[in-house]
Amino acid sequence: MKEYNFFLGCIAPNRYPGIEASAVKTSREFGIELCDFKGASCCPAPGAFGSMDINAWLALAARNICLSEKEGKDIALVCNGCYKSLFETNYRLKENPELRAKVNSVLANAGYEFQGTQEVRHLIDVLHKDVGVEKVKESVEVPLTGLNVAIHYGCHLLRPKVERIFDSSERPVFFDELVEALGAKSIDYKEKMMCCGAGGGVRSYKIDLALDMVNEKLYNMTQAGADVVVNVCPFCHLQLDRGQLEIKEKFGDVYDLPVLHYNQLLGIAQGMNPEELGLSAHVIDVEPLLAKVL
Amino acid sequence: MDQEKRIGVFVCHCGTNIAGVVNIPEIVEYTKTLPNVAFADAYTYVCSTPGQEMIINAIKEQNLNGVVVAACSPRLHEPTFRRATERGGVNQFLFSMANIREQNTWVHMEMPEEATRKAKDLIRMEVARASKLEPLEAKVVPVEKAALVIGAGIAGIQASLDLAASGIKTYLVEKEPSIGGNMSRLDKTFPTLDCSQCILTPKMVDVERSENIELMTYSEVEDVSGYIGNFDVTIRQKSRYVYEDKCNGCGKCQEVCPVSRPNEFDLGLQPRKAAYVPFPQAVPLKFTIDMDSCIKCDLCKADDACGELEAIDFDKPDEIVNVKVGTIIVATGFDMYDVERKEEWGYKVYDNVVTGLEFERLIGASGPTGGKVIRPSDGKQPKSVGFVLCAGSRDQDEEDGAKPYCSRVCCMYSLKHAHQLIEKIPGCVPYLFYMDIRSFGKAYEEFYYRIQDEGGKFIRGRVAKITEDPITKNLIVTAEDTLLGEIMEMEMDMVVLASAVVPTESTQKIKKLLTLSNSPDGWLLEAHPKLNPMSTTTDGVFLAGMCQGPRDIPDVVAHAGAAAAAASIPIHRGSVTLEPIYAIVDEERCGGCATCIGMCPYGATELTHVDSKLIAHVNEAKCKGCGTCGSACPSGAIKMQHFTNEQIMSEIEAFAQVW
Amino acid sequence: MATEGMRNPKHEQLGKTVLDPNLIKEVEAHGLDKARMCYQCGTCSAGCPMGQRSGLRVRKVMRKAILGMRDVLDDPDLWLCTTCYTCTDRCPRRVVPTDVIMALRNIATREKKVPMSMIKIMGAIYKTGHGVPNNEENAKQRVAVGLPPNPPTTHSYPEYIKDIQTILEVTGLLKIKEEMEAESQ
């Protein structure tokens with residue numbers, strides 16, 4: 001059993017607990033234990049918070065990492081935003097002694113010290129690199145044949161490419177491979193790599209413009225014949241799911257396109273009960289999707 | 001030193017350069033007090049004729065056996081003063097210089113007292129060294145009256161023709177089956193719109209006909225040893241599996257050959273047979289069998305093909321040829337950057353995105369479409385073509401292998417392509433997406449004016465991404481028109497990426513063989529970027545054409561001519577004089593440990609047997625006197641002539657004397 | 001005799017473009033030493049998804065930062081960037097425009113020019129440790145999927161919140177929040 005401290009962030013535990021629950025359950029199938037991460041906080045939101053003060057952002061992110069360093073455990077997470085905050089901070093402070101000293105001088109006021117002893121992993125990367133596409137395939141009990149999946153990679157998982165670990169940020173394939181391992185089809189759609197519009201504090205600052213972005217994405221996905229949108233970021237998830245309700249209210253466009261986090265899709269394919277995956281909490285009804293595959 | 005040392009010191013005013021800062025009379029008086037100084041004087045310009053006469057007279061009158069001039073940098077007048085010393089009857093290597101200008105008065109202009117003191121220090125040090133100098137004889141080596149040119153594109157062709165015309169036997173080695181290089185791939189050349197093949201083939205024919213040029217195609221240089229005037233070159237003449245003297249270029253083998261492969265000359269855009277010539281105007285017009293693809297069906301050997309001539313032999317081996325040359329010119333040219341690494345532009349993902357060089361093949365009469373520009377996806381004529389300038393050039397992205405330099409030719413060839421489209425396809429609109437238009441040469445700006453006049457459209461903005469309409473295979477090119485501040489998403493039938501030029505892979509191989517360096521940008525390093533772009537710091541090796549850096553055809557030809565001129569000088573003189581500033585091995589002390597062998601950056605040391613003992617030996621011609629081996633030798637067996645440990649130590653000790 | 005009429009009051013300012021060469025240095029102090037190397041190619045603006053639907057032009061923001069036009073700190077469009085980093089990935093001069101925008105936002109924050117929506121998020125973190133805190137409806141959902149009503153974060157261990165508050169205080173952010181909240185009353 002490989003143990004990780006499961007960094008939850010905010011949106012997953014506090015708005016879509018199904019993402020949290022499905023991550024824990026599906027990971028167990030592969031011998032990965034996502035442990036309770038005591039005392040963690042907001043990552044903090046890299047776009048919104050980092051816009052105000054980078055040093056405070058680094059310090060708050062480093063505080064979370066310090067908590068895990070004390071237990072000697074690596075961190076796993078399921079959110080692109082949290083990935084930027086924790087992975088990038090971990091990487092930068094490890095590489096740059098001056099920056100580390102600066103951040104530690106802030107942390108010292110609260111009694112923390114960043115050591116740089118642990119790793120931060122996005123669960124999708126753990127699944128692709130450590131578990132492997134083959135094992136994921138083998139774990140499938142309900143093949144999702146005939147399901148057209150519009151994958152939304154998100155932004156902070158891949159970019160900026162010089163501070164990330166994936167091969168390509170323009171035409172990546174690893175997420176597609178993990179979806180197709182479940183028997184589904186990853187469809188191509190216009191502007192697949194485009195941002196959902198939620199980040200950078202924009203969703204709170206000018207929601208209409210943020211929604212215009214995700215509206216464009218949803219339109220493109222629908223045009224390409226998507227049955228479901230799958231993501232690896234609860235904030236993108238919120239934007240895509242709750243966003244459809246807001247779009248309907250503000251602009252009148254209706255898509256009724258179900259939205260799932262990858263771990264929820266994986267859970268379905270592994271034969272888990274939709275209830276235990278928290279699918280009923282979604283704004284957009286997931287029933288039509290379930291009817292198609294189950 | 002047995003003889004009493006009598007050194008003459010000449011302090012130069014250098015006008016006011018030196019005299020305006022330091023106290024010359026005080027310096028001269030001080031110099032007279034130094035040990036071994038028999039004579040000291042000053043003059044306004046020692047480098048002038050009367051100044052040199054002063055040295056010569058003083059040598060004779062004062063019976064001097066050593067000369068020190070305290071003046072400017074040796075880089076300027078060391079040769080002048082060495083000659084004067086010789087004319088005075090003293091060995092030129094008993095002369096040395098103290099630099100009291102660049103290293104003193106020019107940097108301490110505000111501190112005359114300190115500068116005067118420093119001048120005295122510098123002279124004291126140089127006199128101490130001069131007291132230990134030994135007479136040396138410059139070494140003269142003969143020069144083989146032949147030259148080697150590696151690469152037969154326009155650069156190598158031009159260089160060989162010039163060398164041959166001046167009477168020098170020239171070996172021209174080309175790794176492809178035909179000469180011509182990238183220029184033979186071009187359709188028209190800017191700004192005159194001359195047909196490239198039309199201006200190139202006469203030169204290619206001249207090469208073949210020239211009595212002084214020995215042309216070796218489908219051949220590669222495998223090894224080079226030796227030094228200027230005496231290079232030993234090993235060349236592998238790869239087997240064509242065809243006897244060149246029997247092949248008459250009739251092409252029957254090509255006709256019957258059943259195997260097709262992508263033609264490298266056409267960048268894979270059209271096929272060739274396994275028995276092929278790369279293009280119809282190939283020089284030499286001899287067929288080659290690509291044995292990696294040949295299925296040995298023997299159809300080419302049949303009676304109705306090559307049967308009568310019996311030129312084909314599947315067992316014909318490679319031939320190894322050894323030649324001796326005096327100088328070498330490298331002309332290995334360029335390749336295109338693998339722009340598929342810039343995934344945002346979709347090269348090799350989208351059918352209708354091509355590179356500038358591929359566009360040349362499409363628009364060329366001998367190309368895959370006979371000169372019709374058609375889209376790869378459906379063969380239709382494009383009515384709107386987008387040109388992406390600076391595709392991989394002027395780009396700091398090391399991750400994608402992009403190049404920080406400007407590739408120099410792409411603005412001009414994109415303008416040319418725009419013109420050709422306007423001319424060939426009525427109603428076709430070319431759109432050039434640019435950051436700058438660099439039309440720097442003769443008649444180039446006028447060409448830019450002309451293309452704008454003819455209807456070329458220019459959008460100032462670098463292309464951020466290209467997407468494809470999955471049904472029409474049209475491209476959407478996204479760039480900001482920075483002059484308007486508007487984001488443009490323009491649908492194009494076709495896109496041409498003016499991708500960066502990069503050094504060829506073979507340049508790296510040749511670089512190692514000849515121990516050359518490259519500049520930080522990857523191109524071969526010249527001796528001096530402004531005053532000597534056609535030579536290298538390896539004596540006897542010169543550079544011609546793009547291998548030294550991106551340039552257009554007129555500049556390639558000029559550069560090749562310069563290289564040929566430089567390469568012909570040692571040959572015409574018949575001998576080269578080597579400065580005796582090199583390392584010498586004391587064979588008694590050498591333990592054959594080979595430490596120096598690994599250290600020498602010039603490959604000048606080697607182990608030899610002397611009376612069954614392994615001893616290091618220094619090739620004086622290759623040695624640059626850098627001192628690496630001298631300091632590394634654990635036995636202290638290596639002496640650096642003109643910079644011996646004794647000489648340097650005496651300088652240091654003289655410096656350390658408390659003032 | 002000259003008298004004041006309806007002349008354009010801007011005439012006084014004309015001929016006196018004010019540039020602050022320190023602005024780019026303030027930006028570069030955020031670890032962005034290549035910011036000044038932008039050559040205005042427009043790759044950033046062209047790929048920016050927000051540029052497609054607003055007046056945000058990343059290239060222009062860079063221009064103002066480099067020339068030193070401090071009015072960029074007052075630009076409401078400065079806060080439209082979603083930090084998707086598309087521009088950063090493609091920039092041929094490796095200028096990292098996204099981080100330049102973040103640096104400008106940092107500078108603007110110190111001048112109290114930050115939108116209140118951001119201050120609100122800081123407020124939530126200050127109070128609960130979460131930018132998006134738990135609520136009753138969600139707590140029920142958590143139980144329904146087999147999780148405890150509160151996650152094991154600062155929600156279950158509020159003793160850690162004071163550490164977060166300390167950090168907000170020593171970095172000076174708390175002061176800005178308090179001043180801005182006071183001013184907005």
# chains A, B, ... in the order shown; residues from 1 in each chain; ligands from 1

call {"tool": "closest_atom_pairs", "arguments": {"of": "chain A", "to": "chain B", "cutoff": "12 Å", "atoms": "only C-alpha atoms", "output": "JSON lines"}}
result
{"residue": "A:Pro160", "atom": "CA", "partner": "B:Glu399", "partner_atom": "CA", "distance": 11.8}
{"residue": "A:Lys161", "atom": "CA", "partner": "B:Glu399", "partner_atom": "CA", "distance": 8.9}
{"residue": "A:Val162", "atom": "CA", "partner": "B:Glu399", "partner_atom": "CA", "distance": 7.7}
{"residue": "A:Glu163", "atom": "CA", "partner": "B:Glu399", "partner_atom": "CA", "distance": 11.3}
{"residue": "A:Arg164", "atom": "CA", "partner": "B:Glu399", "partner_atom": "CA", "distance": 12.0}
{"residue": "A:Asp167", "atom": "CA", "partner": "B:Glu399", "partner_atom": "CA", "distance": 10.4}
{"residue": "A:Ser168", "atom": "CA", "partner": "B:Glu343", "partner_atom": "CA", "distance": 8.3}
{"residue": "A:Ser169", "atom": "CA", "partner": "B:Glu343", "partner_atom": "CA", "distance": 8.7}
{"residue": "A:Glu170", "atom": "CA", "partner": "B:Glu343", "partner_atom": "CA", "distance": 6.0}
{"residue": "A:Arg171", "atom": "CA", "partner": "B:Glu343", "partner_atom": "CA", "distance": 7.0}
{"residue": "A:Pro172", "atom": "CA", "partner": "B:Glu343", "partner_atom": "CA", "distance": 10.2}
{"residue": "A:Asp188", "atom": "CA", "partner": "B:Pro470", "partner_atom": "CA", "distance": 10.0}
{"residue": "A:Tyr189", "atom": "CA", "partner": "B:Pro470", "partner_atom": "CA", "distance": 9.9}
{"residue": "A:Lys190", "atom": "CA", "partner": "B:Thr467", "partner_atom": "CA", "distance": 8.4}
{"residue": "A:Glu191", "atom": "CA", "partner": "B:Thr467", "partner_atom": "CA", "distance": 8.4}
{"residue": "A:Lys192", "atom": "CA", "partner": "B:Thr467", "partner_atom": "CA", "distance": 10.8}
{"residue": "A:Met193", "atom": "CA", "partner": "B:Glu344", "partner_atom": "CA", "distance": 10.9}
{"residue": "A:Ala224", "atom": "CA", "partner": "B:Pro470", "partner_atom": "CA", "distance": 11.0}

call {"tool": "write_last_selection", "arguments": {"atoms": "N, CA, C and O atoms", "output": "PDB file, in the first residue's frame"}}
result
ATOM      1  N   PRO A 160       2.842  26.345 -16.738  1.00  0.00           N
ATOM      2  CA  PRO A 160       3.778  26.474 -17.844  1.00  0.00           C
ATOM      3  C   PRO A 160       4.627  25.214 -18.005  1.00  0.00           C
ATOM      4  O   PRO A 160       5.112  24.646 -17.038  1.00  0.00           O
ATOM      5  N   LYS A 161       4.860  24.814 -19.259  1.00  0.00           N
ATOM      6  CA  LYS A 161       5.497  23.519 -19.520  1.00  0.00           C
ATOM      7  C   LYS A 161       6.885  23.424 -18.915  1.00  0.00           C
ATOM      8  O   LYS A 161       7.332  22.331 -18.573  1.00  0.00           O
ATOM      9  N   VAL A 162       7.584  24.568 -18.730  1.00  0.00           N
ATOM     10  CA  VAL A 162       8.941  24.471 -18.190  1.00  0.00           C
ATOM     11  C   VAL A 162       8.941  24.136 -16.700  1.00  0.00           C
ATOM     12  O   VAL A 162       9.958  23.751 -16.152  1.00  0.00           O
ATOM     13  N   GLU A 163       7.782  24.325 -16.044  1.00  0.00           N
ATOM     14  CA  GLU A 163       7.709  23.956 -14.614  1.00  0.00           C
ATOM     15  C   GLU A 163       6.765  22.779 -14.402  1.00  0.00           C
ATOM     16  O   GLU A 163       6.180  22.644 -13.325  1.00  0.00           O
ATOM     17  N   ARG A 164       6.592  21.951 -15.431  1.00  0.00           N
ATOM     18  CA  ARG A 164       5.731  20.773 -15.300  1.00  0.00           C
ATOM     19  C   ARG A 164       6.460  19.557 -15.839  1.00  0.00           C
ATOM     20  O   ARG A 164       7.545  19.650 -16.389  1.00  0.00           O
ATOM     21  N   ASP A 167       4.883  15.635 -21.225  1.00  0.00           N
ATOM     22  CA  ASP A 167       5.602  15.773 -22.494  1.00  0.00           C
ATOM     23  C   ASP A 167       5.145  16.945 -23.328  1.00  0.00           C
ATOM     24  O   ASP A 167       5.938  17.605 -23.960  1.00  0.00           O
ATOM     25  N   SER A 168       3.836  17.157 -23.400  1.00  0.00           N
ATOM     26  CA  SER A 168       3.339  18.179 -24.320  1.00  0.00           C
ATOM     27  C   SER A 168       2.226  18.951 -23.648  1.00  0.00           C
ATOM     28  O   SER A 168       1.369  18.379 -22.989  1.00  0.00           O
ATOM     29  N   SER A 169       2.213  20.265 -23.841  1.00  0.00           N
ATOM     30  CA  SER A 169       1.091  21.043 -23.319  1.00  0.00           C
ATOM     31  C   SER A 169       0.147  21.450 -24.444  1.00  0.00           C
ATOM     32  O   SER A 169      -0.936  21.943 -24.182  1.00  0.00           O
ATOM     33  N   GLU A 170       0.559  21.226 -25.693  1.00  0.00           N
ATOM     34  CA  GLU A 170      -0.314  21.580 -26.823  1.00  0.00           C
ATOM     35  C   GLU A 170      -1.129  20.382 -27.277  1.00  0.00           C
ATOM     36  O   GLU A 170      -2.296  20.498 -27.626  1.00  0.00           O
ATOM     37  N   ARG A 171      -0.515  19.206 -27.310  1.00  0.00           N
ATOM     38  CA  ARG A 171      -1.203  17.989 -27.773  1.00  0.00           C
ATOM     39  C   ARG A 171      -0.892  16.815 -26.852  1.00  0.00           C
ATOM     40  O   ARG A 171      -0.293  15.821 -27.271  1.00  0.00           O
ATOM     41  N   PRO A 172      -1.307  16.912 -25.569  1.00  0.00           N
ATOM     42  CA  PRO A 172      -1.020  15.792 -24.667  1.00  0.00           C
ATOM     43  C   PRO A 172      -1.947  14.623 -24.947  1.00  0.00           C
ATOM     44  O   PRO A 172      -3.009  14.796 -25.553  1.00  0.00           O
ATOM     45  N   ASP A 188     -12.241  14.498 -30.190  1.00  0.00           N
ATOM     46  CA  ASP A 188     -11.564  15.767 -30.418  1.00  0.00           C
ATOM     47  C   ASP A 188     -12.631  16.845 -30.580  1.00  0.00           C
ATOM     48  O   ASP A 188     -13.685  16.584 -31.165  1.00  0.00           O
ATOM     49  N   TYR A 189     -12.366  18.035 -30.061  1.00  0.00           N
ATOM     50  CA  TYR A 189     -13.297  19.137 -30.260  1.00  0.00           C
ATOM     51  C   TYR A 189     -12.518  20.427 -30.349  1.00  0.00           C
ATOM     52  O   TYR A 189     -11.353  20.495 -29.946  1.00  0.00           O
ATOM     53  N   LYS A 190     -13.177  21.423 -30.930  1.00  0.00           N
ATOM     54  CA  LYS A 190     -12.506  22.707 -31.156  1.00  0.00           C
ATOM     55  C   LYS A 190     -12.003  23.300 -29.842  1.00  0.00           C
ATOM     56  O   LYS A 190     -12.731  23.311 -28.861  1.00  0.00           O
ATOM     57  N   GLU A 191     -10.764  23.802 -29.876  1.00  0.00           N
ATOM     58  CA  GLU A 191     -10.162  24.469 -28.707  1.00  0.00           C
ATOM     59  C   GLU A 191     -10.199  23.594 -27.459  1.00  0.00           C
ATOM     60  O   GLU A 191     -10.569  24.035 -26.362  1.00  0.00           O
ATOM     61  N   LYS A 192      -9.781  22.340 -27.644  1.00  0.00           N
ATOM     62  CA  LYS A 192      -9.816  21.380 -26.535  1.00  0.00           C
ATOM     63  C   LYS A 192      -8.955  21.831 -25.359  1.00  0.00           C
ATOM     64  O   LYS A 192      -9.272  21.569 -24.199  1.00  0.00           O
ATOM     65  N   MET A 193      -7.810  22.478 -25.662  1.00  0.00           N
ATOM     66  CA  MET A 193      -6.879  22.824 -24.595  1.00  0.00           C
ATOM     67  C   MET A 193      -7.195  24.175 -23.953  1.00  0.00           C
ATOM     68  O   MET A 193      -6.455  24.655 -23.123  1.00  0.00           O
ATOM     69  N   ALA A 224     -19.277  18.486 -31.165  1.00  0.00           N
ATOM     70  CA  ALA A 224     -18.465  17.321 -31.523  1.00  0.00           C
ATOM     71  C   ALA A 224     -19.110  16.017 -31.080  1.00  0.00           C
ATOM     72  O   ALA A 224     -18.543  14.952 -31.273  1.00  0.00           O
TER      73      ALA A 224
END

call {"tool": "residues_around", "arguments": {"residues": "Gly116 (chain A)", "least_positions_apart": "3", "cutoff": "10 Å", "atoms": "only C-alpha atoms", "output": "MDAnalysis selection string"}}
result
chainID A and resid 62 65:66 69 89:95 100 113 119

call {"tool": "write_last_selection", "arguments": {"atoms": "all heavy atoms", "output": "short mmCIF file (atom, residue, chain, number, x, y, z; two decimals), in the first residue's frame"}}
result
data_model
loop_
_atom_site.label_atom_id
_atom_site.label_comp_id
_atom_site.auth_asym_id
_atom_site.auth_seq_id
_atom_site.Cartn_x
_atom_site.Cartn_y
_atom_site.Cartn_z
N ALA A 62 3.46 26.51 1.14
CA ALA A 62 4.55 25.79 1.81
C ALA A 62 4.10 25.26 3.17
O ALA A 62 4.54 24.18 3.59
CB ALA A 62 5.75 26.72 1.97
N ILE A 65 2.65 21.98 2.69
CA ILE A 65 3.66 20.96 2.43
C ILE A 65 4.39 20.60 3.71
O ILE A 65 4.67 19.41 3.96
CB ILE A 65 4.66 21.46 1.36
CG1 ILE A 65 3.93 21.82 0.06
CG2 ILE A 65 5.72 20.40 1.08
CD1 ILE A 65 4.82 22.49 -0.98
N CYS A 66 4.68 21.61 4.54
CA CYS A 66 5.38 21.35 5.82
C CYS A 66 4.63 20.34 6.67
O CYS A 66 5.24 19.46 7.29
CB CYS A 66 5.53 22.65 6.62
SG CYS A 66 6.72 23.79 5.92
N GLU A 69 5.47 17.09 5.39
CA GLU A 69 6.88 16.75 5.63
C GLU A 69 7.05 16.20 7.04
O GLU A 69 7.83 15.27 7.26
CB GLU A 69 7.76 18.01 5.45
CG GLU A 69 8.00 18.37 4.00
CD GLU A 69 8.87 19.61 3.83
OE1 GLU A 69 9.16 20.31 4.83
OE2 GLU A 69 9.28 19.88 2.68
N THR A 89 5.19 25.28 -5.85
CA THR A 89 5.89 25.80 -4.68
C THR A 89 6.96 24.82 -4.24
O THR A 89 8.10 25.21 -3.96
CB THR A 89 4.90 26.07 -3.53
OG1 THR A 89 3.93 27.02 -3.97
CG2 THR A 89 5.61 26.60 -2.30
N ASN A 90 6.60 23.54 -4.19
CA ASN A 90 7.55 22.51 -3.78
C ASN A 90 8.77 22.55 -4.70
O ASN A 90 9.93 22.55 -4.26
CB ASN A 90 6.87 21.14 -3.86
CG ASN A 90 7.57 20.09 -3.02
OD1 ASN A 90 8.15 20.39 -1.98
ND2 ASN A 90 7.54 18.86 -3.47
N TYR A 91 8.52 22.62 -6.00
CA TYR A 91 9.60 22.62 -6.99
C TYR A 91 10.46 23.88 -6.86
O TYR A 91 11.69 23.80 -6.80
CB TYR A 91 8.95 22.56 -8.38
CG TYR A 91 9.90 22.71 -9.54
CD1 TYR A 91 10.70 21.65 -9.97
CD2 TYR A 91 9.98 23.91 -10.25
CE1 TYR A 91 11.55 21.78 -11.04
CE2 TYR A 91 10.84 24.05 -11.33
CZ TYR A 91 11.61 22.99 -11.72
OH TYR A 91 12.46 23.13 -12.79
N ARG A 92 9.82 25.02 -6.77
CA ARG A 92 10.58 26.28 -6.71
C ARG A 92 11.41 26.38 -5.44
O ARG A 92 12.56 26.82 -5.49
CB ARG A 92 9.63 27.48 -6.76
CG ARG A 92 9.05 27.74 -8.12
CD ARG A 92 8.34 29.07 -8.12
NE ARG A 92 7.54 29.24 -9.32
CZ ARG A 92 6.79 30.30 -9.57
NH1 ARG A 92 6.72 31.28 -8.69
NH2 ARG A 92 6.09 30.38 -10.68
N LEU A 93 10.83 25.99 -4.33
CA LEU A 93 11.58 26.13 -3.09
C LEU A 93 12.72 25.12 -3.02
O LEU A 93 13.75 25.37 -2.40
CB LEU A 93 10.66 25.99 -1.87
CG LEU A 93 9.59 27.08 -1.71
CD1 LEU A 93 8.94 26.99 -0.34
CD2 LEU A 93 10.15 28.46 -1.91
N LYS A 94 12.53 23.98 -3.66
CA LYS A 94 13.63 23.01 -3.69
C LYS A 94 14.77 23.52 -4.54
O LYS A 94 15.94 23.35 -4.22
CB LYS A 94 13.14 21.67 -4.27
CG LYS A 94 12.40 20.78 -3.28
CD LYS A 94 12.05 19.45 -3.96
CE LYS A 94 11.25 18.54 -3.06
NZ LYS A 94 10.98 17.23 -3.67
N GLU A 95 14.44 24.17 -5.66
CA GLU A 95 15.47 24.59 -6.63
C GLU A 95 16.18 25.87 -6.25
O GLU A 95 17.30 26.12 -6.68
CB GLU A 95 14.83 24.81 -8.01
CG GLU A 95 14.26 23.57 -8.66
CD GLU A 95 15.32 22.59 -9.10
OE1 GLU A 95 16.24 23.01 -9.83
OE2 GLU A 95 15.24 21.42 -8.71
N ARG A 100 13.68 29.97 -0.96
CA ARG A 100 13.34 29.13 0.19
C ARG A 100 13.59 29.89 1.49
O ARG A 100 12.77 29.90 2.40
CB ARG A 100 14.14 27.83 0.16
CG ARG A 100 13.78 26.90 1.31
CD ARG A 100 14.21 25.47 1.08
NE ARG A 100 15.63 25.26 1.15
CZ ARG A 100 16.35 24.79 0.13
NH1 ARG A 100 15.78 24.52 -1.02
NH2 ARG A 100 17.64 24.60 0.27
N GLU A 113 8.93 25.25 9.00
CA GLU A 113 10.13 25.36 8.17
C GLU A 113 10.04 24.37 7.01
O GLU A 113 9.89 23.17 7.22
CB GLU A 113 11.39 25.08 8.98
CG GLU A 113 12.66 25.45 8.22
CD GLU A 113 13.92 24.89 8.84
OE1 GLU A 113 13.87 24.52 10.04
OE2 GLU A 113 14.94 24.82 8.15
N GLU A 119 7.36 14.79 -2.13
CA GLU A 119 6.90 15.00 -3.49
C GLU A 119 5.43 15.37 -3.47
O GLU A 119 4.69 14.99 -2.56
CB GLU A 119 7.06 13.72 -4.33
CG GLU A 119 8.47 13.21 -4.45
CD GLU A 119 9.37 14.20 -5.16
OE1 GLU A 119 8.94 14.83 -6.14
OE2 GLU A 119 10.54 14.35 -4.73
#

call {"tool": "residues_around", "arguments": {"residues": "region 102-111 of chain A", "least_positions_apart": "4", "cutoff": "7 Å", "atoms": "only C-alpha atoms", "output": "compact mmCIF listing (two decimals) with C-alpha atoms, in the first residue's frame"}}
result
# COMPACT_ATOMS: atom_id res chain seq x y z
CA ASN A 55 5.04 35.65 -1.13
CA LEU A 58 4.14 30.66 -1.45
CA ALA A 59 4.10 30.74 2.34
CA GLU A 98 17.22 32.23 -1.83
CA ASP C 163 -0.96 30.04 11.71
CA THR C 166 -0.14 35.03 11.26
CA ILE C 167 1.12 34.59 7.73

call {"tool": "interface_residues", "arguments": {"of": "chain C", "to": "chain B", "cutoff": "6 Å", "atoms": "only C-alpha atoms", "output": "list in words"}}
result
Cys41, Gly42, Thr43, Ala46, Gly47, Pro92 and Arg93 of chain C

call {"tool": "select_by_dssp", "arguments": {"residues": "region 64-286 of chain A", "states": "helix (DSSP H, G or I)", "output": "VMD selection string"}}
result
chain A and resid 64 to 71 80 to 95 97 to 110 123 to 131 133 to 138 161 to 163 174 to 180 202 to 205 207 to 223 234 to 250 262 to 269 274 to 277 279 to 281

call {"tool": "residues_around", "arguments": {"residues": "Ala84 (chain B)", "least_positions_apart": "2", "cutoff": "10 Å", "atoms": "only C-alpha atoms", "output": "MDAnalysis selection string"}}
result
chainID B and resid 47 49 51:56 59 67 78:82 86:90 92 95

call {"tool": "decode", "arguments": {"residues": "region 87-116 of chain B", "atoms": "C-alpha atoms", "output": "PDB file, in the first residue's frame"}}
result
ATOM      1  CA  ARG B  87      67.706  43.491 -38.708  1.00  0.00           C
ATOM      2  CA  GLY B  88      69.865  44.659 -35.852  1.00  0.00           C
ATOM      3  CA  GLY B  89      71.449  41.218 -35.805  1.00  0.00           C
ATOM      4  CA  VAL B  90      69.753  39.793 -32.717  1.00  0.00           C
ATOM      5  CA  ASN B  91      67.460  36.709 -32.802  1.00  0.00           C
ATOM      6  CA  GLN B  92      63.855  37.986 -32.915  1.00  0.00           C
ATOM      7  CA  PHE B  93      62.807  35.802 -29.988  1.00  0.00           C
ATOM      8  CA  LEU B  94      65.187  37.674 -27.725  1.00  0.00           C
ATOM      9  CA  PHE B  95      62.745  40.546 -28.057  1.00  0.00           C
ATOM     10  CA  SER B  96      59.752  41.095 -25.795  1.00  0.00           C
ATOM     11  CA  MET B  97      57.239  43.841 -25.010  1.00  0.00           C
ATOM     12  CA  ALA B  98      55.870  45.487 -21.913  1.00  0.00           C
ATOM     13  CA  ASN B  99      52.353  46.787 -22.506  1.00  0.00           C
ATOM     14  CA  ILE B 100      52.237  50.117 -20.699  1.00  0.00           C
ATOM     15  CA  ARG B 101      49.402  51.480 -22.810  1.00  0.00           C
ATOM     16  CA  GLU B 102      46.316  49.215 -23.002  1.00  0.00           C
ATOM     17  CA  GLN B 103      47.193  47.663 -19.676  1.00  0.00           C
ATOM     18  CA  ASN B 104      48.310  50.876 -18.023  1.00  0.00           C
ATOM     19  CA  THR B 105      47.867  54.440 -19.268  1.00  0.00           C
ATOM     20  CA  TRP B 106      44.618  53.762 -21.125  1.00  0.00           C
ATOM     21  CA  VAL B 107      42.929  52.420 -18.009  1.00  0.00           C
ATOM     22  CA  HIS B 108      44.547  54.608 -15.356  1.00  0.00           C
ATOM     23  CA  MET B 109      44.281  57.974 -17.069  1.00  0.00           C
ATOM     24  CA  GLU B 110      43.146  59.696 -13.856  1.00  0.00           C
ATOM     25  CA  MET B 111      46.024  58.313 -11.782  1.00  0.00           C
ATOM     26  CA  PRO B 112      49.350  59.483 -13.250  1.00  0.00           C
ATOM     27  CA  GLU B 113      51.468  58.730 -10.214  1.00  0.00           C
ATOM     28  CA  GLU B 114      50.207  55.224  -9.777  1.00  0.00           C
ATOM     29  CA  ALA B 115      50.402  54.648 -13.533  1.00  0.00           C
ATOM     30  CA  THR B 116      54.047  55.720 -13.551  1.00  0.00           C
TER      31      THR B 116
END
